[in-house]
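Quick notes on the structure that follows.
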Amino acid sequence: MAGSSKKIVAKTRRVLGLFGDFDQAFEVIAGIRRYQVPGLTVDDVTLKSPIEHPEIEDVLGERPTDIPKFAFWGGLFGLVFGFLFLAGAQANFLVQPQGGKPVITIPSNVVLAYEMMILFGVLSTLAGFIIGGRLMRKSSGLYDTAITVDQIGIVIEVTDKQYQPLTELFKKHNVIEMHEEALS
Amino acid sequence: MSKTKINRRNFLKVLGLGGAGAALAGCDMPSTVTLEEGEEKIYSYLAPEEYVIPGVGVWYASTCLQCPAACGTHGRVREGRVLKLEGNPDSAVNAGKLCQMGQAALQAHFNPDRITAPLINGQPASWDDALALINEKASGGNVAWMTGTVSGHQRVLLDAHLAATGKGHHYAVETVNARAWTDAGKTVLGDAMPTLHLDKAKAVLSLGADLLGTWISPVTFMGQYGKFRAAPRGVLIMVEPAMSLTGANADQWVAAKPGTEAAVALGVGHLLMTKHGLSLNGMPNATSAFQSMTPAQVHEIAGVSEAALNKIADTLVSHSPSLVIANASHAAARIAMVLNIMLGNVGKTLTPGASIAADPLAPMMGSSKDLAEFAQNAAAGKIDAVFISGANPAFVAPQGLDMAAALKAVGFKVAIATCHDETTKACDVVLPLSSALEDWGTHVPAYGGKPGVVHLQQPLMEPLHADTRGLGDILLTLGKSAGVDGLDAFEDYYGYLRTAVSAMIGSELEGDWHRVLQAGQFETRAASRAFSAGHDVALGFSETAVSGLHLVTVARQGLYDGRHANSSWLQEAPDQISKAVWDSWAEIHPKTAASLNLKDGDYVRLTTASGAITTRVFIYKGVHPNAVCVPMGRGHTDYGRWANNGVNPLTIVDAHLGDWQSSEIIATASLVKIDAAGENRHLVRLMDTDQQYGRKLVATIPAQQFGRTQGGA
Amino acid sequence: MSDRKHLTREQTKDIDENIAWASINTDVLRSMENPRRGYWVAMAVSVCLFSVMIYAEVYQYMYGMGAALLNTSHMWDLYISTFVFWIGMSHSGTLLSAILHLVHADWRKPIYRFAEAMTTFSLMTAGIFPVIHLGRVWNFYWVMPYMTDRGIWPNFRSPLIWDAFAITTYLTSSVLFLYIGMIPDLAICRDNAKGWRKPLYTWLSLGWRGDDRQWRNFRFTYLMIACFLIPLAVSVHSIVSMDFAMSIMPGWHVTTFPPYFVAGALYSGCAAIITLFILLRYFFKFEHYMTFPILDKVCKLTFVIAMVWTYLNLVEFASVWYGHDIPSKEVLIAKATGPYSPFFWGMMTFGSVLPFSLLSKWVRRNMYVLFFASIFLNVGMWLERWMIVTPTLSLGYHPQAFNVMWPGWTEWAMVGGSFGWFGMLFLIFVKVFPCVSMYEVKEMVFHRKRTIYEDVDEMMTLHSGVPGPKAQAQTQTSGGA
Amino acid sequence: MSTERSKRKPFPWVQAAVAAVVVGASIVLGAQIFERQLHPESAGVAPAPRVPGAEFPTDTFAGKDVEQPINYSHKLHAGDLGINCLYCHTYARRSKVAGIPPTAKCMGCHTVVGTDKPEIEKLTQMWQSNQSPAWNKVNDVPDFVHFSHERHLQKFLFDNPEMDIKNAPDVCAMCHGDMNQVGVAKKMKPLTMGFCVRCHESNQGPSDCTRCHK
Amino acid sequence: MSSLLGNIFKGWSDYTKGNEEGGHHDYEHMYAMVIDLDMCTGCNACSTACYAENNLATVGEEYFGARQAMHWMRIERYFDEPNVGEAEADTQSRGASFLPMMCQHCNAAPCEPVCPVAATYHTPDGLNAQIYNRCIGSRYCANNCPFRVRYFNFYDHQETAWPAPMEQQLNPDISVRSKGVMEKCTFCIQRTRAARNTAKNEGRAIRDGEIQTACQQTCPTSAILFGDLLDETSAVHQAWKRHQVQLGKYAQNKTNPELRGYRIFEELNVDTKVLYLERVREV
């Protein structure tokens with residue numbers, strides 16, 4: 001949640017505005033998009049919501065995710081590793097002649113490699129989720145339990161100059177509550 | 001000779017499990033750490049023979065005493081323990097083969113229920129006390145011996161002991177015997193034990209002689225049977241009331257009413273005369289007997305169809321030379337002998353036997369006649385003391401003989417036995433006998449050996465129980481105290497035996513003795529016999545057994561007459577015919593079952609004039625509708641942990657129905673009544689089906705095809 | 001909330017769009033607290049059953065597998081059939097969650113959570129059976145491919161190893177699927193929790209703050225795992241079927257087994273969903289979320305799958321019947337006429353005839369009838385598994401081994417105990433985790449309202465001057481805050 | 001806030017695939033190499049004995065002290081006096097077990113040598129009373145393992161052109177460690193299946209399970 | 001390590017070779033058996049010899065009744081003989097058919113690929129081996145055996161089957177199995193091993209007839225023949241050849257279809273190594 005500090009002017013505080021309705025939050029972000037708050041772009045906005053809002057991407061813009069890559073590579077690794085592992089194990093197993101079957105049995109290894117592909121795919125996806133979703137990290141303090149109930153929060157880091165216009169924009173769209181904290 | 005003995009004994013020392021103990025608990029258990037140091041003990045040898053190597057098995061020759069056939073064996077000995085028995089390939093009796101009873105001799109030896117110390121009135125005692133008591137009570141008067149079949153030097157010592165103690169008699173008891181056959185042989189051909197050439201016969205007709213199962217020397221006969229079945233293939237015909245192992249291998253199996261095999265045999269003779277024009281020269285009695293038994297009469301008496309009878313006669317004529325054997329009754333056996341004469345088999349498939357020249361060694365073949373005589377004499381108070389060894393009269397005697405009372409009437413009874421049984425329980429003194437694998441002995445096979453060959457029995461291991469003694473040693477001790485001449489020179493039976501054998505092989509040399517030990521047998525002078533011309537004996541048969549349900553008690557290879565019931569291997573080896581294990585059953589025909597409304601596994605009460613037993617029925621077609629067949633061997637009450645199951649059909653055999661011309665107790669003569677006993681429990685069998693359900697498991701082909709492909713007839 | 005009239009059997013909407021979001025939280029969180037007496041009774045019963053299972057296992061461990069009356073012909077019996085049964089049960093979660101998620105059937109949202117939990121717990125139950133049926137349970141880990149200097153590996157040709165791989169994968173994946181889908185709800189729990197629950201949910205929710213970044217990644221993750229799960233679920237049950245299909249035994253070596261098993265799995269899973277649906281609705285008063293229209297849909301789905309299963313079943317019979325593999329035919333005939341025939345016909349009745357009752361709207365909307373119907377459907381499916389395993393073993397190829405056996409007490413104890421174990425896990429679950437997905441119900445409400453109201457709202461305002469539902473909802477939502 | 005979306009490059013498919021294969025293969029093969037090769041010699045007890053043409057595991061095992069009825073010293077007999085292993089353990093060349101020498105063999109010397117020592121007196125007493133000492137087994141393998149001394153001696157000693165019977169201690173030491181160094185026998189090699197298998201692999205011994213497990 | 005790829009290729013070429021030349025196996029020996037059913041009298045001697053040789057536990061009536069017995073060699077008895085016409089309806093008119101049934105040591109053994117831990121596999125001797133200490137008791141192998149000749153230790157039998165001093169009889173050359181493991185006929189592998197050892201010490205090949213299985217050795221009618229099928233001079237090889245039965249085929253193409261040799265369940269293509277010779281009946 002920590003914003004990047006690429007801007008020249010130091011951001012001094014972080015503001016959380018809570019809204020009762022998705023449409024209002026949408027409007028706020030749309031406002032920011034329209035540069036109603038000077039210097040703020042949608043990239044500075046973090047939306048916190050009780051449910052998932054894919055529609056928000058209309059206004060927030062497309063933000064990429066690496067999950068499919070994680071899934072793909074995890075799965076591919078599982079497949080290759082699985083097959084090599086099994087083949088290696090079979091070829092060097094002391095006990096080789098088995099019921100007239102060859103040493104490396106393709107059908108069984110396909111089945112097992114398939115399972116390994118899924119297992120590693122899933123595990124890798126989970127890893128991708130934890131990394132990409134910035135989970136298991138210390139979070140910023142700005143949070144309200146109402147978010148998990150029914151309110152939508154918008155978190156923005158602003159400079160002193162931007163604070164006032166932002167508050168106005170929030171209020172214009174019926175902000176229910178506002179929290180803020182100073183950035184050190 | 002005592003020096004040899006010490007060496008001999010040393011190699012047998014159990015000490016020295018030389019690093020490879022019994023591989024018990026071969027698979028790991030979670031709690032067992034198998035790689036422990038210092039958890040197992042190793043005992044080293046003291047001073048072993050050079051050829052004794054721990055971890056390497058050595059084979060020693062000996063003789064099997066599981067049945068009277070006396071097959072030669074090889075025992076594998078490792079670390080002083082005998083592990084496995086095989087047939088002795090040099091023995092002419094069994095040619096390296098062994099039956100399941102022979103295999104199970106190991107279990108008789110290692111049996112957990114062995115007697116380990118002498119008992120006086122059931123209390124452990126010392127040998128000295130026991131022998132003193134025997135000397136006191138059984139040194140004079142009418143001292144009898146009861147044994148199974150005995151031969152060799154044990155018989156010599158036994159006879160000597162009897163002679164020394166005075167008026168005693170030797171009763172040799174064998175429930176499973178060939179007395180009918182031997183008597184008939186003696187009567188008709190003048191040879192009690194003619195040599196049979198199954199392998200040369202092209203057809204064999206057996207009238208109740210279970211030659212593959214229990215008759216005389218089954219392993220010998222099975223060896224010959226193998227050759228008999230090779231091209232040109234012989235035909236086996238069996239006539240009997242209930243299927244035996246031989247019947248189960250017969251090409252033609254003819255179910256006759258119990259006790260009517262003789263009639264069938266006469267009928268066959270009738271057809272041979274009338275249809276095939278054979279004749280009996282100089283035997284008018286026999287000729288008239290044959291002529292008077294028409295196939296129609298046979299059908300009426302024995303329930304055997306004329307077609308079956310014709311088939312038998314045709315086969316015997318077309319497959320010449322043939323062989324007719326019988327054990328069903330004395331009558332049947334005599335007729336069989338005469339049929340052999342008529343078919344011209346004598347001299348071809350039936351040749352004179354041979355015996356060893358030293359007659360005292362010859363086997364004393366047991367019979368059930370001796371059992372009945374013993375019971376009568378004992379009850380009459382004619383026996384003051386008896387030594388019982390190798391026989392279990394309390395078990396095998398029918399209730400009609402009242403053996404319990406008979407034994408009670410004997411003042412002093414000594415049992416010499418390896419295991420407790422019903423008889424030892426009734427005896428005053430019980431002497432612990434070494435097992436057959438711990439004992440020395442010489443045995444003359446009753447049948448099948450090379451002429452003049454004596455089998456040597458040598459211990460395969462040190463006695464398991466220190467306080468047991470061999471039969472020979474006991475006989476020697478008894479003989480010495482009875483004052484038998486010439487025994488004082490011998491310290492033990494081994495010494496006696498070695499001297500005797502050395503005399504017989506004509507060599508005192510150590511090397512020759514070792515060769516005998518190695519071979520497990522030695523040759524002595526054989527006395528060949530000859531047939532006398534066919535005696536024209538009276539042929540006939542008892543007509544007591546032609547209607548009503550009859551009890552048929554049969555012995556099967558396995559438990560035999562019950563002496564092997566304390567072997568878990570044999571208890572668990574499925575009966576060859578019914579495939580049942582661990583319990584008794586009564587075989588009845590489906591028709592009989594239907595008329596009595598019985599199903600498989602129903603308990604029935606079989607009642608004869610002598611008593612009743614309750615067992616489960618096994619319904620199948622291999623038994624005559626007039627017969628109820630109960631195999632013997634089970635029904636022990638006091639014979640170790642494995643034997644106490646099932647019922648003993650011998651107890652209800654009607655003892656007073658003797659055979660036609662002998663006082664043998666016969667197994668097929670008791671009228672029996674069947675009552676459902678209510679309960680039903682599945683008979684435990686190896687398999688619950690008789691059918692192959694179209695699978696090609698045991699494929700069968702006609703003999704013609706065999707003839708075409710294997711060059712047979 | 002106040003008006004329960006619309007929650008009756010005549011209800012037509014899957015969910016009341018006007019339900020307040022806050023009350024969703026309240027309702028679900030309430031269900032996780034203060035277990036009532038019924039809960040403890042259920043728990044006690046489950047623990048008792050499970051204890052019997054433990055006892056039976058200890059007994060079997062001490063005395064050997066013979067205690068189960070298994071024998072040379074019947075090396076497998078109830079252990080394996082119950083294993084297959086539980087594996088089948090585990091397919092419901094995947095079906096409802098993953099497949100319906102991919103096809104955007106949003107009515108799954110109130111009910112998928114417990115279905116997924118069921119998946120996980122049935123797998124954990126199923127996983128017990130291959131282990132306890134081992135003769136030497138203490139060596140069960142030998143089926144795992146781990147490095148050892150002995151140079152020995154498991155035999156990768158064995159379908160049992162495939163099972164081990166498949167179940168491990170499936171268990172891992174479905175636990176993760178359940179867990180990932182629950183993270184936003186765990187955040188809700190965290191925000192409302194007190195006492196020991198607080199650190200638990202804090203830890204489990206992984207710092208979920210509802211950021212758009214988190215939601216976005218969440219969406220993709222959930223979708224990806226759903227994509228992985230569907231082929232996985234299909235493979236898991238077809239691999240289980242290969243335990244049989246890869247053998248040479250008559251009645252087992254059947255090519256239709258993989259789809260047949262998958263269909264059977266979905267079937268029993270659906271039936272189990274109906275059972276648990278009704279129980280949860282009744283005990284937790286989830287009438288607002290687990291509504292009759294949703295139940296109706298589940299029932300229809302069940303019927304469809306039942307018909308697929310029946311079809312595959314008949315196809316299997318037909319192929320055996322028209323084939324000339326005599327042993328297979330014998331097994332089939334013996335199933336229908338032999339000693340096991342009551343169970344076979346029970347399976348056919350419960351599995352193929354009973355589902356037709358689901359065609360009746362009265363049945364679909366009658367909780368009591370449906371409850372028992374769903375139980376019997378599952379009894380039928382359990383019988384199906386038993387009828388797959390045992391009749392084949394009672395016949396097979398070799399007549400000597402033809403044998404009819406009935407399970408021993410340890411087998412019944414373990415079968416019963418497996419229900420206890422499952423019940424125990426499920427009971428713990430419903431009190432520790434939200435068994436209705438709160439955020440997704442909110443989504444469902446949100447989207448339904450939007451899609452319905454977008455056009456209606458304007459019309460209503462235009463024609464009647466009355467504020468449209470959208471406006472109403474707005475006030476209601478903010479009022480509920 | 002990530003803004004890298006603007007500078008997205010085509011993904012390096014080929015390189016990544018190669019990398020995945022390499023990683024996977026190296027894990028498998030690395031594990032094989034690590035696990036299947038002979039373990040490096042661990043510090044301590046004895047230098048590896050020399051048996052030409054044979055490679056064998058050098059890992060050692062610190063066996064516990066096993067108490068024996070007679071404190072027989074291998075160091076004295078085999079080490080100091082230089083008695084060949086096969087002189088006493090004579091069965092080793094003819095049987096699967098090496099065996100404990102018969103008491104007669106001990107008495108061969110000890111009727112004359114060292115008769116006054118207390119341990120020898122113990123032995124003499126046992127001999128005279130026809131008793132065998134009850135030795136505790138030190139090198140024990142599970143009962144389902146059927147190891148043959150004969151076969152191994154044959155291969156490494158008698159069939160080995162570079163070896164002479166006097167080299168027997170070197171061959172014995174492959175599995176038993178340097179017995180010349182210890183007093184009462186002690187287990188000095190792990191004798192686990194891994195130990196056996198590694199040796200079999202490096203010396204082309206049979207890999208058929210039934211050779212040892214029957 | 002270097003063997004990794006080598007093993008892969010070797011295994012594969014062996015396999016393809018096996019497909020091309022029916023019955024090819026890269027084995028040192030291939031022990032096989034011939035049983036003449038016309039000689040077999042069903043006397044059980046082989047079965048009991050097997051108990052003695054192979055440390056088989058007796059289980060008692062209760063467990064036998066529960067079909068938990070472990071008789072590696074069992075003698076089955078059938079009464080129907082479809083090939084030579086039905087016997088008389090109400091009474092038996094000929095004997096029974098006996099079938100000694102033990103592990104058939106299939107070359108394509110269905111039990112082998114299904115064992116999860118590879119406790120059963122094919123040895124270079126062409127034997128189907130069971131490694132007791134590796135077995136975890138999944139019992140899949142037994143389920144997949146069409147002959148039902150794999151026996152499971154449902155209990156520990158040490159105490160009851162070999163009460164002291166009977167444990168002294170146990171053959172130390174093979175393991176005594178404890179509960180939870182599968183066991184089966186091994187063609188007396190301990191005897192094979194011993195003969196191989198002797199032959200190796202004497203620097204020669206194993207002679208035909210040098211290895212005798214316990215059942216063969218005791219069989220009173222010599223109905224059982226055992227030997228190396230790869231050794232063209234062996235009696236077993238001769239018998240297989242004489243009866244025109246070849247490995248690797250599920251239907252034999254005999255020039256003389258009347259020859260007696262056949263294998264049980266040949267149509268399952270498990271490639272058994274026990275050749276049975278049909279029983280003959282005089283009809």
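All residue names refer to the structure tokens as shown: chains lettered A, B, ... in order, residues numbered from 1 in each chain, ligands numbered from 1 in order.
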I'd like the contact shell of Tyr151 in chain E - 7 Å cut-off, only C-alpha atoms, skipping same-chain residues fewer than 4 positions apart - returned as a PDB file with N, CA, C and O atoms, in the first residue's frame.
ATOM      1  N   THR C  72      -8.504 -64.742   1.303  1.00  0.00           N
ATOM      2  CA  THR C  72      -7.676 -64.873   0.106  1.00  0.00           C
ATOM      3  C   THR C  72      -8.415 -64.421  -1.159  1.00  0.00           C
ATOM      4  O   THR C  72      -7.797 -63.916  -2.081  1.00  0.00           O
TER       5      THR C  72
ATOM      6  N   MET E  70      -2.787 -70.457   4.178  1.00  0.00           N
ATOM      7  CA  MET E  70      -1.684 -70.111   3.292  1.00  0.00           C
ATOM      8  C   MET E  70      -1.001 -71.372   2.780  1.00  0.00           C
ATOM      9  O   MET E  70       0.010 -71.785   3.304  1.00  0.00           O
ATOM     10  N   MET E 182       2.350 -60.327   2.171  1.00  0.00           N
ATOM     11  CA  MET E 182       1.879 -61.285   1.186  1.00  0.00           C
ATOM     12  C   MET E 182       2.963 -62.340   1.003  1.00  0.00           C
ATOM     13  O   MET E 182       4.148 -62.042   1.132  1.00  0.00           O
ATOM     14  N   GLU E 183       2.559 -63.549   0.742  1.00  0.00           N
ATOM     15  CA  GLU E 183       3.542 -64.572   0.433  1.00  0.00           C
ATOM     16  C   GLU E 183       2.987 -65.497  -0.630  1.00  0.00           C
ATOM     17  O   GLU E 183       1.784 -65.531  -0.875  1.00  0.00           O
ATOM     18  N   LYS E 184       3.883 -66.239  -1.229  1.00  0.00           N
ATOM     19  CA  LYS E 184       3.450 -67.131  -2.311  1.00  0.00           C
ATOM     20  C   LYS E 184       4.593 -68.057  -2.676  1.00  0.00           C
ATOM     21  O   LYS E 184       5.717 -67.863  -2.229  1.00  0.00           O
TER      22      LYS E 184
END
Contacts of Val42 in chain A at 10 Å (only C-alpha atoms; same-chain gap of 2+ positions) as a tab-separated table (two decimals) with all heavy atoms, in the first residue's frame:
chain	number	residue	atom	x	y	z
A	29	ILE	N	-13.11	8.28	-7.94
A	29	ILE	CA	-11.95	7.90	-8.74
A	29	ILE	C	-12.04	8.54	-10.12
A	29	ILE	O	-11.04	9.02	-10.67
A	29	ILE	CB	-11.86	6.36	-8.84
A	29	ILE	CG1	-11.61	5.79	-7.45
A	29	ILE	CG2	-10.71	5.97	-9.77
A	29	ILE	CD1	-11.79	4.32	-7.36
A	30	ALA	N	-13.25	8.57	-10.62
A	30	ALA	CA	-13.44	9.24	-11.92
A	30	ALA	C	-13.01	10.69	-11.81
A	30	ALA	O	-12.36	11.23	-12.72
A	30	ALA	CB	-14.90	9.13	-12.34
A	31	GLY	N	-13.33	11.31	-10.68
A	31	GLY	CA	-12.92	12.69	-10.44
A	31	GLY	C	-11.41	12.81	-10.47
A	31	GLY	O	-10.85	13.74	-11.08
A	32	ILE	N	-10.77	11.90	-9.78
A	32	ILE	CA	-9.31	11.96	-9.75
A	32	ILE	C	-8.76	11.78	-11.16
A	32	ILE	O	-7.83	12.44	-11.57
A	32	ILE	CB	-8.77	10.88	-8.79
A	32	ILE	CG1	-9.10	11.27	-7.36
A	32	ILE	CG2	-7.26	10.72	-8.96
A	32	ILE	CD1	-8.84	10.22	-6.34
A	33	ARG	N	-9.40	10.88	-11.86
A	33	ARG	CA	-8.97	10.65	-13.22
A	33	ARG	C	-9.09	11.93	-14.05
A	33	ARG	O	-8.31	12.16	-14.97
A	33	ARG	CB	-9.84	9.53	-13.82
A	33	ARG	CG	-9.32	9.14	-15.14
A	33	ARG	CD	-9.59	7.70	-15.47
A	33	ARG	NE	-8.51	7.30	-16.36
A	33	ARG	CZ	-8.08	6.08	-16.55
A	33	ARG	NH1	-8.62	5.10	-15.89
A	33	ARG	NH2	-7.11	5.83	-17.39
A	34	ARG	N	-10.10	12.68	-13.69
A	34	ARG	CA	-10.29	13.94	-14.42
A	34	ARG	C	-9.40	15.04	-13.85
A	34	ARG	O	-9.64	16.21	-14.05
A	34	ARG	CB	-11.75	14.38	-14.36
A	34	ARG	CG	-12.67	13.48	-15.18
A	34	ARG	CD	-14.09	14.02	-15.21
A	34	ARG	NE	-15.07	12.94	-15.42
A	34	ARG	CZ	-15.86	12.47	-14.46
A	34	ARG	NH1	-15.81	12.99	-13.24
A	34	ARG	NH2	-16.67	11.50	-14.74
A	35	TYR	N	-8.45	14.65	-13.06
A	35	TYR	CA	-7.48	15.59	-12.45
A	35	TYR	C	-8.17	16.66	-11.64
A	35	TYR	O	-7.80	17.82	-11.65
A	35	TYR	CB	-6.57	16.20	-13.53
A	35	TYR	CG	-5.80	15.15	-14.25
A	35	TYR	CD1	-6.09	14.79	-15.56
A	35	TYR	CD2	-4.77	14.47	-13.58
A	35	TYR	CE1	-5.41	13.80	-16.20
A	35	TYR	CE2	-4.08	13.46	-14.22
A	35	TYR	CZ	-4.39	13.12	-15.53
A	35	TYR	OH	-3.71	12.12	-16.16
A	40	LEU	N	-2.69	14.40	-8.64
A	40	LEU	CA	-3.05	13.02	-8.29
A	40	LEU	C	-3.51	12.29	-9.54
A	40	LEU	O	-4.26	12.83	-10.34
A	40	LEU	CB	-4.16	12.99	-7.26
A	40	LEU	CG	-3.77	13.16	-5.80
A	40	LEU	CD1	-5.00	12.93	-4.94
A	40	LEU	CD2	-2.68	12.20	-5.40
A	44	ASP	N	-2.32	6.58	-8.08
A	44	ASP	CA	-2.08	6.79	-6.65
A	44	ASP	C	-3.20	6.24	-5.80
A	44	ASP	O	-3.11	6.23	-4.58
A	44	ASP	CB	-1.93	8.28	-6.36
A	44	ASP	CG	-0.74	8.86	-7.11
A	44	ASP	OD1	0.26	8.13	-7.24
A	44	ASP	OD2	-0.82	10.00	-7.58
A	45	VAL	N	-4.24	5.77	-6.45
A	45	VAL	CA	-5.43	5.38	-5.69
A	45	VAL	C	-5.35	3.89	-5.31
A	45	VAL	O	-4.98	3.05	-6.12
A	45	VAL	CB	-6.70	5.62	-6.54
A	45	VAL	CG1	-7.91	5.01	-5.87
A	45	VAL	CG2	-6.88	7.10	-6.75
A	46	THR	N	-5.63	3.65	-4.08
A	46	THR	CA	-5.85	2.26	-3.68
A	46	THR	C	-7.29	2.15	-3.20
A	46	THR	O	-7.72	2.91	-2.35
A	46	THR	CB	-4.92	1.86	-2.55
A	46	THR	OG1	-3.58	2.08	-2.98
A	46	THR	CG2	-5.11	0.41	-2.19
A	59	VAL	N	-12.23	2.45	-14.53
A	59	VAL	CA	-11.75	3.77	-14.17
A	59	VAL	C	-10.32	3.73	-13.64
A	59	VAL	O	-9.53	4.63	-13.88
A	59	VAL	CB	-12.73	4.47	-13.19
A	59	VAL	CG1	-12.92	3.60	-11.97
A	59	VAL	CG2	-12.23	5.85	-12.78
A	60	LEU	N	-9.99	2.67	-12.94
A	60	LEU	CA	-8.63	2.60	-12.40
A	60	LEU	C	-7.60	2.28	-13.48
A	60	LEU	O	-6.42	2.50	-13.30
A	60	LEU	CB	-8.53	1.51	-11.33
A	60	LEU	CG	-8.88	1.92	-9.90
A	60	LEU	CD1	-8.70	0.73	-8.99
A	60	LEU	CD2	-8.04	3.08	-9.43
A	61	GLY	N	-8.10	1.76	-14.56
A	61	GLY	CA	-7.18	1.36	-15.61
A	61	GLY	C	-6.70	-0.05	-15.39
A	61	GLY	O	-6.79	-0.62	-14.29
A	156	ILE	N	-5.46	7.34	-0.49
A	156	ILE	CA	-4.59	8.11	-1.37
A	156	ILE	C	-3.55	8.79	-0.50
A	156	ILE	O	-3.84	9.26	0.61
A	156	ILE	CB	-5.37	9.20	-2.14
A	156	ILE	CG1	-6.59	8.57	-2.83
A	156	ILE	CG2	-4.48	9.86	-3.17
A	156	ILE	CD1	-7.46	9.57	-3.52
Just asking: which residues within range 550-657 of chain B are alpha helix (DSSP H) according to DSSP, as a short mmCIF file (atom, residue, chain, number, x, y, z; two decimals) with C-alpha atoms, in the first residue's frame?
data_model
loop_
_atom_site.label_atom_id
_atom_site.label_comp_id
_atom_site.auth_asym_id
_atom_site.auth_seq_id
_atom_site.Cartn_x
_atom_site.Cartn_y
_atom_site.Cartn_z
CA SER B 568 -1.07 -79.55 12.11
CA TRP B 569 0.24 -80.05 8.58
CA LEU B 570 -1.85 -83.14 8.09
CA GLN B 571 -4.88 -81.66 9.81
CA GLU B 572 -4.62 -78.71 7.47
CA PRO B 590 -27.25 -86.72 -3.11
CA LYS B 591 -30.12 -89.22 -3.37
CA THR B 592 -29.69 -90.22 0.23
CA ALA B 593 -29.44 -86.61 1.22
CA ALA B 594 -32.58 -85.78 -0.68
CA SER B 595 -34.52 -88.60 0.92
CA LEU B 596 -33.38 -87.43 4.35
#
For Gln164 in chain A, find every residue with an atom within 12 Å (counting only C-alpha atoms), except residues of its own chain fewer than 5 positions away, and show them as an mmCIF file with N, CA and C atoms, in the first residue's frame.
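For reference, result13.cif as written:
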data_model
loop_
_atom_site.group_PDB
_atom_site.id
_atom_site.type_symbol
_atom_site.label_atom_id
_atom_site.label_comp_id
_atom_site.auth_asym_id
_atom_site.auth_seq_id
_atom_site.Cartn_x
_atom_site.Cartn_y
_atom_site.Cartn_z
ATOM 1 N N ARG A 13 0.766 12.990 3.914
ATOM 2 C CA ARG A 13 -0.205 12.189 4.646
ATOM 3 C C ARG A 13 -0.956 11.225 3.745
ATOM 4 N N VAL A 15 -4.651 9.424 3.223
ATOM 5 C CA VAL A 15 -6.051 9.689 3.566
ATOM 6 C C VAL A 15 -6.896 8.475 3.174
ATOM 7 N N GLN A 36 -9.204 16.313 -10.953
ATOM 8 C CA GLN A 36 -9.851 17.286 -10.091
ATOM 9 C C GLN A 36 -8.985 17.588 -8.889
ATOM 10 N N VAL A 37 -8.127 16.649 -8.581
ATOM 11 C CA VAL A 37 -7.141 16.948 -7.541
ATOM 12 C C VAL A 37 -5.793 17.074 -8.253
ATOM 13 N N PRO A 38 -5.244 18.239 -8.255
ATOM 14 C CA PRO A 38 -4.039 18.426 -9.041
ATOM 15 C C PRO A 38 -2.911 17.519 -8.571
ATOM 16 N N VAL A 158 -1.223 11.977 -0.211
ATOM 17 C CA VAL A 158 -1.272 13.315 -0.808
ATOM 18 C C VAL A 158 -0.209 14.208 -0.190
ATOM 19 N N THR A 159 0.073 15.249 -0.941
ATOM 20 C CA THR A 159 0.905 16.310 -0.374
ATOM 21 C C THR A 159 -0.029 17.275 0.350
ATOM 22 N N LEU A 169 -13.403 16.726 -2.779
ATOM 23 C CA LEU A 169 -13.908 15.714 -3.713
ATOM 24 C C LEU A 169 -14.607 14.581 -2.957
ATOM 25 N N PHE A 170 -14.000 14.189 -1.868
ATOM 26 C CA PHE A 170 -14.620 13.151 -1.028
ATOM 27 C C PHE A 170 -15.986 13.603 -0.550
ATOM 28 N N LYS A 171 -16.013 14.783 -0.037
ATOM 29 C CA LYS A 171 -17.268 15.249 0.568
ATOM 30 C C LYS A 171 -18.348 15.395 -0.480
#
